[in-house]
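Peer 1: Just dropping this structure here.
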Amino acid sequence: MLSTKDLNKRFGSLVVAQDIALELPAGVRYALIGPNGAGKTTLINLLTGLLAPDAGQIFLAGREISALRPEARVRAGLARTFQINTLFAGLTPLESVAIAVLEREGHAHNWWRALPAFGAAIEEAHGLLAKLRLAPVEHRATRELAYGQQRLLEIALALATRPRVLLLDEPAAGVPQDESAELFAAIAGLSQELTVLFIEHDMNVVFRFAERIIVMVGGRILAEGTPGEVARDARVREVYLGKHARAA
Amino acid sequence: MFASLAGVLFDGVAYGMLLFLLSVGLSVTLGMMNFVNLAHCSLAMVGGYVTVSLTNRYGWPFVAALPMAFLAAAAVALVLERTLYRRLYRASDLDQCLFTIGIVFISIAVYAWFYGTVVQSAPTPSYLRGSVELFGMSFAAYRLFLIALGLAVAIVLVAALEYTRFGAQVRAAVDNQRMARGLGIDVDRAFMITFALGGGLAGLGGAAAIEIVGLDHAFALNYLVYVLIVVAVGGLGSIGGSFAAALLLGVSDMAGKYYFPWLGAFLIYLVMVALLMWRPVGLFARR
Amino acid sequence: MRPLEAAFWAATLLPFVVTPSYLALASQVAITALFALSLDLILGYAGIVSLGHAAYFGFGAYTAGLLSKHDFGEPLTGLVLAAIAAGLLGYVTSHLIVRFRHLALIMLTLGLGLLLAEAANSASWLTGGADGLQGVKTAPLLGFKFDLYGRTAYAYSLAVLFLLFLVARRIIHSPFGLALRGIRENARRMPAIGAPSLAHLRKVYTIAAVMAGAAGALLTQTTSTVSLEVLSFGRSADVLVILILGGAGRLYGGIVGAIIYMVARDQFASMNPQYWYFWVGLLLVAVVLFLPNGVLGGLSALYKRPE
């Protein structure tokens with residue numbers, strides 16, 4: 001569904017992505033792990049067009065999207081969330097999600113008809129929020145929402161674009177552990193046709209929710225495989241456990 | 001032709017030095033706090049009017065009034081920063097912009113109240129009035145003095161920023177405010193001092209400007225655009241950039257006025273818009 | 001339309017009977033309100049800070065003036081053509097404007113405004129330069145002459161304000177208006193939900209320029225004069241003050257601000273302009289420090305407090 005070919009990016013002398021070749025089939029849950037500074041968020045920024053790669057290509061469902069602007073990639077079916085809440089503080093969750101739905105349906109340029117004429121879009125936004133259990137707060141200002149609810153709204157905004165591939169940048173960042181499981185349960189409950197790639201540091205969560213794992217170190221993909229394969233991989237153990245693993 | 005070209009160049013460089021003095025403080029403080037201070041030229045007017053008062057009313061020699069212009073403007077800047085500006089560091093750029101325009105309006109009214117709306121002048125000593133013969137050409141003494149003053153200030157500033165502990169703190173704060181705070185640098189204090197120094201330099205520029213462009217109550221608005229151009233072109237927080245941009249602007253403005261007088265200030269605004277389009281973060285910005 | 005709104009617009013007719021000697025002022029208020037409303041669309045709703053909005057007002061004013069000077073004085077066609085001309089200027093400049101934010105945006109709008117003012121000053125063969133445009137003569141509006149008392153002027157200005165107010169109201173309650181508020185709240189997020197922010201911004205900037213141009217044309221036609229003042233920095237700053245005073249991001253902010261500001265200035269007309277701006281400056285400082293959402297914001301906060 002989403003694939004890349006020889007993606008490269010460097011900032012000055014710092015290599016943040018080197019020869020990244022991904023091949024994510026439809027409907028698979030991927031975890032992207034790696035130490036801080038491995039280039040995980042950079043990879044998401046490259047995929048979504050926030051950063052331009054120095055070289056390489058990106059394909060979504062067989063179509064090359066490397067030259068598309070970020071919003072065009074979203075319309076092509078590639079959505080993301082942000083590690084740090086990037087929400088519309090002064091709008092309500094319903095308004096926020098409605099923007100995304102209206103944009104997707106091509107109504108956002110319409111300035112001559114009032115919003116109530118777009119009942120179907122508002123209804124869809126409400127339904128999406130209800131599914132993520134945000135319906136009770138959908139009319140409050142986003143800035144008044146609890147932090148965990150704001151993390152859910154991040155996901156709701158991405159889902160409202162009806163993506164085929166969803167990239168989640170540490171969806172549970174800053175969320176307490178018990179709530180984090182709940183959040184990932186919500187992610188696991190998403191449509192089985194959706195390809196999901198999430199960055200996460202908590203290995204319990206990773207091994208519980210990911211079907212496959214990609215390990216990045218120093219801007220390169222070190223290993224890719226099922227949780228079992230990755231857990232047994234000697235190079236991964238070295239990165240994560242240091243020299244002690246070798247000694248043991 | 002050659003003589004007139006050299007003359008325009010000379011006048012332009014002198015004018016550029018003036019613009020450098022007026023704007024360098026804003027460039028550094030903007031780089032540090034991202035605070036949009038449109039009232040920077042109001043501080044220059046403090047220096048200008050102090051000089052006018054001291055020389056005309058109390059008979060001070062012009063050169064002795066210059067340090068007082070610096071000190072008075074720095075003191076006003078300090079008070080302004082401590083009492084008002086510090087509340088607005090986290091405000092939106094719209095609020096900062098509105099607030100400082102408000103200060104500009106107030107300052108213009110206050111100057112008009114005390115000094116009227118006529119263009120003021122300050123008597124300069126005889127040795128700054130004539131001209132000096134160099135290489136078979138005559139140069140206005142006052143403009144030579146301006147160039148020397150601008151160069152001296154630039155050298156002192158660059159040296160202070162490079163080689164003093166305080167300068168290192170300022171550089172760190174301009175580079176990355178959060179990191180600087182993390183290193184234990186008291187950014188607020190550094191900013192306060194920089195703001196006062198920058199205001200003082202503007203005051204000095206305001207005083208030095210009297211002889212060249214005169215001084216009236218509308219100075220704060222009329223020269224705001226020039227100062228903003230220098231900052232935009234020079235890049236935030238860069239002394240070398242401000243210096244180069246001020247010279248460029250001074251020379252091109254003089255050349256425009258000399259060769260295309262019918263265009264008025266049009267040319268300079270055109271240059272500004274074109275430069276902004278080309279390089280929005282400044283020609284000499286480090287980032 | 002809610003009862004309070006209906007009552008407000010009914011009250012705008014009062015000057016015809018209560019203060020007939022102030023109709024010229026009332027017309028100025030309506031024109032300024034329209035100008036402030038147009039700024040509100042880009043600043044209050046889309047978050048574009050502008051220090052040069054007078055460019056479009058002045059462009060409309062000069063277009064209307066030049067048309068009537070060259071024996072094309074029919075006001076309605078003049079108004080439409082002036083609005084279109086300002087809109088074209090807005091569309092062209094919008095390609096630049098929307099790429100910038102913060103200080104660069106403030107400087108760019110300031111620079112473009114000053115650029116146009118200087119251009120008008122230099123092109124005195126066309127604009128009359130500092131003396132203003134001579135020979136502006138507005139033909140009667142649908143058979144009604146522009147009388148000395150300002151009856152036609154106020155009726156005309158008020159009608160145009162009301163119509164364009166309805167348009168603005170519709171815009172902000174539309175999906176497009178919601179998308180604009182999204183850009184204002186978080187410009188970074190918009191592309192990530194598939195929104196072409198820049199295209200939206202270009203569009204609203206063009207619409208605002210059309211409205212500003214219409215306001216400028218109204219001023220020319222109702223006063224039969226155009227001077228460089230319509231393009232001045234002072235006018236850009238005034239309209240900003242008016243909008244902030246009334247409350248940006250609220251439909252009635254610009255209108256309320258215009259009423260307060262213009263009436264106050266008329267009351268202190270004998271005051272030297274320098275000192276008038278002292279109070280304006282003080283007002284700006286006070287609004288930023290104590291009344292961040294303008295008069296309307298302050299009122300609605302008072303109204304909500306007892307709950």
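In the structure tokens, the first chain shown is A, the next is B, and so on; residue numbers restart at 1 for each chain, and ligands run from 1 in the order shown.
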Give me, as CSV, the closest atom pair and its distance (Å, one decimal) for every residue of chain C within a cut-off of 10 Å of chain A, counting only C-alpha atoms, rows sorted by chain and rising number.

Peer 2:
residue,atom,partner,partner_atom,distance
C:Val167,CA,A:Trp112,CA,8.0
C:Ala168,CA,A:Trp111,CA,9.2
C:Arg169,CA,A:Ala114,CA,9.3
C:Arg170,CA,A:Trp112,CA,6.2
C:Ile171,CA,A:Trp111,CA,4.8
C:Ile172,CA,A:Trp111,CA,7.7
C:His173,CA,A:Ala114,CA,5.2
C:Ser174,CA,A:Ala114,CA,4.3
C:Pro175,CA,A:Ala108,CA,5.0
C:Phe176,CA,A:Ala108,CA,4.8
C:Gly177,CA,A:Trp111,CA,6.8
C:Leu178,CA,A:Ile99,CA,6.6
C:Ala179,CA,A:Ile99,CA,5.9
C:Leu180,CA,A:Ala108,CA,9.4
C:Arg181,CA,A:Leu91,CA,7.9
C:Gly182,CA,A:Phe88,CA,6.3
C:Ile183,CA,A:Phe88,CA,8.5
C:Arg184,CA,A:Phe88,CA,8.6
C:Glu185,CA,A:Phe88,CA,5.1
C:Asn186,CA,A:Phe88,CA,5.6
C:Ala187,CA,A:Phe88,CA,9.0
C:Arg188,CA,A:Thr86,CA,7.6
C:Arg189,CA,A:Thr86,CA,6.1
C:Met190,CA,A:Glu71,CA,7.9
C:Pro191,CA,A:Glu71,CA,4.5
C:Ala192,CA,A:Glu71,CA,6.1
C:Ile193,CA,A:Ala100,CA,5.5
C:Gly194,CA,A:Glu71,CA,4.1
C:Ala195,CA,A:Glu71,CA,5.6
C:Pro196,CA,A:Glu71,CA,6.0
C:Ser197,CA,A:Glu71,CA,8.7
C:Ala199,CA,A:His109,CA,9.2
C:His200,CA,A:His109,CA,7.3
C:Lys203,CA,A:His109,CA,8.9
C:Val204,CA,A:Trp111,CA,9.7

Peer 1: Would you list the contacts of stretch 26-31 of chain B as a PyMOL selection string, taking every protein, DNA or RNA residue within 10 Å and counting only C-alpha atoms, but skipping same-chain residues closer than 4 positions in sequence?

Peer 2: (chain B and resi 20-22+35-41+170-171+173-177+190-199+201-202+227-228+230-232+234-239+241-242) or (chain C and resi 103)

Peer 1: Would you output that residue set with N, CA and C atoms, as a compact mmCIF listing (two decimals), in the first residue's frame?

Peer 2:
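Dumped to out-v6.txt:
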# COMPACT_ATOMS: atom_id res chain seq x y z
N PHE B 20 22.37 52.11 10.23
CA PHE B 20 22.93 51.03 11.04
C PHE B 20 22.74 51.32 12.53
N LEU B 21 23.11 52.55 12.93
CA LEU B 21 22.95 52.91 14.34
C LEU B 21 21.48 52.79 14.76
N LEU B 22 20.60 53.24 13.88
CA LEU B 22 19.18 53.25 14.22
C LEU B 22 18.61 51.84 14.36
N PHE B 35 10.38 39.73 19.66
CA PHE B 35 9.43 40.75 20.05
C PHE B 35 9.39 41.84 18.98
N VAL B 36 8.20 42.05 18.40
CA VAL B 36 8.06 42.99 17.29
C VAL B 36 7.93 44.41 17.86
N ASN B 37 9.04 45.11 17.99
CA ASN B 37 9.00 46.43 18.60
C ASN B 37 8.98 47.52 17.52
N LEU B 38 7.78 47.92 17.15
CA LEU B 38 7.67 48.95 16.11
C LEU B 38 7.98 50.34 16.68
N ALA B 39 8.17 50.43 17.99
CA ALA B 39 8.43 51.72 18.61
C ALA B 39 9.92 52.01 18.73
N HIS B 40 10.72 51.25 18.01
CA HIS B 40 12.17 51.41 18.14
C HIS B 40 12.60 52.84 17.79
N CYS B 41 12.00 53.42 16.77
CA CYS B 41 12.40 54.77 16.37
C CYS B 41 11.92 55.83 17.35
N VAL B 170 24.33 36.45 24.84
CA VAL B 170 23.40 37.01 23.86
C VAL B 170 23.35 36.13 22.62
N ARG B 171 24.53 35.72 22.16
CA ARG B 171 24.55 34.87 20.96
C ARG B 171 23.78 33.59 21.19
N ALA B 173 21.37 33.11 23.24
CA ALA B 173 19.93 33.38 23.34
C ALA B 173 19.32 33.61 21.97
N VAL B 174 20.07 34.27 21.08
CA VAL B 174 19.56 34.51 19.73
C VAL B 174 19.45 33.17 18.98
N ASP B 175 20.46 32.35 19.19
CA ASP B 175 20.53 31.07 18.49
C ASP B 175 19.38 30.16 18.88
N ASN B 176 19.21 29.97 20.16
CA ASN B 176 18.18 29.06 20.63
C ASN B 176 17.85 29.42 22.07
N GLN B 177 16.73 30.13 22.20
CA GLN B 177 16.40 30.65 23.52
C GLN B 177 16.21 29.56 24.54
N ALA B 190 19.65 39.18 30.23
CA ALA B 190 20.44 39.49 29.03
C ALA B 190 19.62 40.32 28.06
N PHE B 191 18.35 39.98 27.95
CA PHE B 191 17.50 40.71 27.02
C PHE B 191 17.30 42.15 27.49
N MET B 192 17.08 42.30 28.80
CA MET B 192 16.89 43.64 29.36
C MET B 192 18.08 44.53 29.01
N ILE B 193 19.28 44.00 29.25
CA ILE B 193 20.48 44.81 28.99
C ILE B 193 20.62 45.08 27.50
N THR B 194 20.39 44.05 26.69
CA THR B 194 20.50 44.25 25.24
C THR B 194 19.50 45.28 24.75
N PHE B 195 18.29 45.19 25.29
CA PHE B 195 17.24 46.12 24.88
C PHE B 195 17.65 47.55 25.22
N ALA B 196 18.21 47.74 26.42
CA ALA B 196 18.64 49.08 26.83
C ALA B 196 19.78 49.56 25.93
N LEU B 197 20.74 48.68 25.66
CA LEU B 197 21.86 49.08 24.79
C LEU B 197 21.38 49.40 23.39
N GLY B 198 20.49 48.56 22.89
CA GLY B 198 19.95 48.79 21.54
C GLY B 198 19.19 50.10 21.48
N GLY B 199 18.41 50.39 22.52
CA GLY B 199 17.70 51.65 22.60
C GLY B 199 18.67 52.81 22.64
N LEU B 201 21.70 52.91 21.40
CA LEU B 201 22.29 53.11 20.08
C LEU B 201 21.32 53.82 19.15
N ALA B 202 20.04 53.46 19.27
CA ALA B 202 19.03 54.15 18.47
C ALA B 202 19.03 55.63 18.85
N VAL B 227 14.20 51.21 9.10
CA VAL B 227 14.76 50.32 10.11
C VAL B 227 14.28 48.89 9.87
N LEU B 228 13.01 48.75 9.54
CA LEU B 228 12.49 47.40 9.29
C LEU B 228 13.14 46.77 8.08
N VAL B 230 16.18 47.29 7.04
CA VAL B 230 17.52 46.85 7.45
C VAL B 230 17.44 45.53 8.21
N VAL B 231 16.49 45.46 9.14
CA VAL B 231 16.37 44.24 9.93
C VAL B 231 16.00 43.06 9.03
N ALA B 232 15.07 43.30 8.14
CA ALA B 232 14.59 42.20 7.29
C ALA B 232 15.69 41.71 6.35
N GLY B 234 18.98 42.31 6.70
CA GLY B 234 20.17 41.89 7.42
C GLY B 234 20.01 40.58 8.15
N GLY B 235 18.78 40.23 8.46
CA GLY B 235 18.56 39.01 9.22
C GLY B 235 18.55 39.31 10.70
N LEU B 236 17.74 38.54 11.44
CA LEU B 236 17.58 38.81 12.86
C LEU B 236 18.85 38.48 13.63
N GLY B 237 19.22 39.37 14.52
CA GLY B 237 20.30 39.08 15.44
C GLY B 237 21.68 39.06 14.82
N SER B 238 21.82 39.62 13.64
CA SER B 238 23.13 39.59 13.00
C SER B 238 23.68 41.01 12.83
N ILE B 239 24.78 41.30 13.50
CA ILE B 239 25.34 42.64 13.43
C ILE B 239 25.97 42.90 12.07
N GLY B 241 25.20 41.45 9.32
CA GLY B 241 24.10 41.54 8.37
C GLY B 241 23.46 42.90 8.39
N SER B 242 23.19 43.43 9.59
CA SER B 242 22.59 44.76 9.71
C SER B 242 23.49 45.80 9.08
N LEU C 103 6.56 38.59 11.52
CA LEU C 103 7.20 39.86 11.20
C LEU C 103 7.27 40.11 9.70

Peer 1: Each residue of chain B with at least one atom at most 10 Å from chain C should appear once, together with its nearest atom pair and the corresponding distance in Å (one decimal); atoms considered: only C-alpha atoms; ordering: chain, then increasing residue number; output as CSV.

Peer 2:
residue,atom,partner,partner_atom,distance
B:Leu30,CA,C:Leu103,CA,9.6
B:Asn34,CA,C:Leu103,CA,8.7
B:Phe35,CA,C:Leu103,CA,9.2
B:Val36,CA,C:Leu103,CA,6.9
B:Leu84,CA,C:Leu289,CA,9.2
B:Arg87,CA,C:Leu289,CA,8.6
B:Leu88,CA,C:Leu289,CA,8.7
B:Ala91,CA,C:Val288,CA,9.3
B:Ser92,CA,C:His102,CA,9.0
B:Asp93,CA,C:His102,CA,6.2
B:Leu94,CA,C:Val49,CA,6.4
B:Asp95,CA,C:Val288,CA,6.1
B:Gln96,CA,C:Val288,CA,8.3
B:Cys97,CA,C:Ile106,CA,8.5
B:Leu98,CA,C:Leu284,CA,6.3
B:Phe99,CA,C:Val285,CA,5.0
B:Thr100,CA,C:Val285,CA,7.8
B:Ile101,CA,C:Gly281,CA,7.0
B:Gly102,CA,C:Gly281,CA,3.6
B:Ile103,CA,C:Gly281,CA,6.0
B:Val104,CA,C:Gly281,CA,7.2
B:Phe105,CA,C:Gly281,CA,4.9
B:Ile106,CA,C:Phe278,CA,4.5
B:Ser107,CA,C:Phe278,CA,7.7
B:Ile108,CA,C:Gln274,CA,7.1
B:Ala109,CA,C:Gln274,CA,5.2
B:Val110,CA,C:Phe278,CA,7.6
B:Tyr111,CA,C:Gln274,CA,9.5
B:Ala112,CA,C:Gln274,CA,7.0
B:Trp113,CA,C:Tyr275,CA,8.1
B:Gly116,CA,C:Gln274,CA,9.9
B:Thr117,CA,C:Gln274,CA,9.1
B:His217,CA,C:Gln274,CA,9.0
B:Ala218,CA,C:Gln274,CA,9.5
B:Leu221,CA,C:Phe233,CA,9.4
B:Val225,CA,C:Gly111,CA,7.7
B:Leu228,CA,C:Met107,CA,7.1
B:Ile229,CA,C:Met107,CA,8.1
B:Ala232,CA,C:Ala104,CA,7.5
B:Pro261,CA,C:Ser122,CA,9.8
B:Trp262,CA,C:Ser122,CA,6.6
B:Leu263,CA,C:Ser122,CA,6.0
B:Gly264,CA,C:Ser122,CA,7.0
B:Ala265,CA,C:Glu118,CA,6.5
B:Phe266,CA,C:Glu118,CA,5.2
B:Leu267,CA,C:Leu115,CA,8.3
B:Ile268,CA,C:Leu115,CA,8.5
B:Tyr269,CA,C:Leu115,CA,5.4
B:Leu270,CA,C:Leu115,CA,6.5
B:Val271,CA,C:Gly111,CA,9.6
B:Met272,CA,C:Gly111,CA,7.0
B:Val273,CA,C:Gly111,CA,6.2
B:Ala274,CA,C:Leu108,CA,9.6
B:Leu276,CA,C:Leu108,CA,7.2
B:Met277,CA,C:Leu96,CA,7.3
B:Pro280,CA,C:Ala104,CA,6.6
B:Val281,CA,C:Ala104,CA,7.7
B:Gly282,CA,C:Ala104,CA,9.7

Peer 1: Grab the atom CA of A:Leu46 to atom CA of A:Ala185 distance for me, in Å with one decimal place.

Peer 2: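 Atom CA of A:Ala185 lies 27.5 Å from atom CA of A:Leu46.
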
Peer 1: Would you pick out the contacts of A:Val215 at 9 Å or less, using only C-alpha atoms, so that residues sharing its chain but fewer than 5 positions from it are not included, and give the list as a list in words?

Peer 2: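 With the cut-off at 9 Å, the set is Ala31, Leu32, Ile33, Gly34, Pro35, Arg220, Ile221, Leu222, Ala223, Glu224, Gly225, Val230 and Val236 of chain A.
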
Peer 1: Interatomic distance between atom CA of B:Ala14 and atom CA of B:Leu204?

Peer 2: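 Atom-to-atom, atom CA of B:Ala14 and atom CA of B:Leu204 are spaced 14.6 Å apart.
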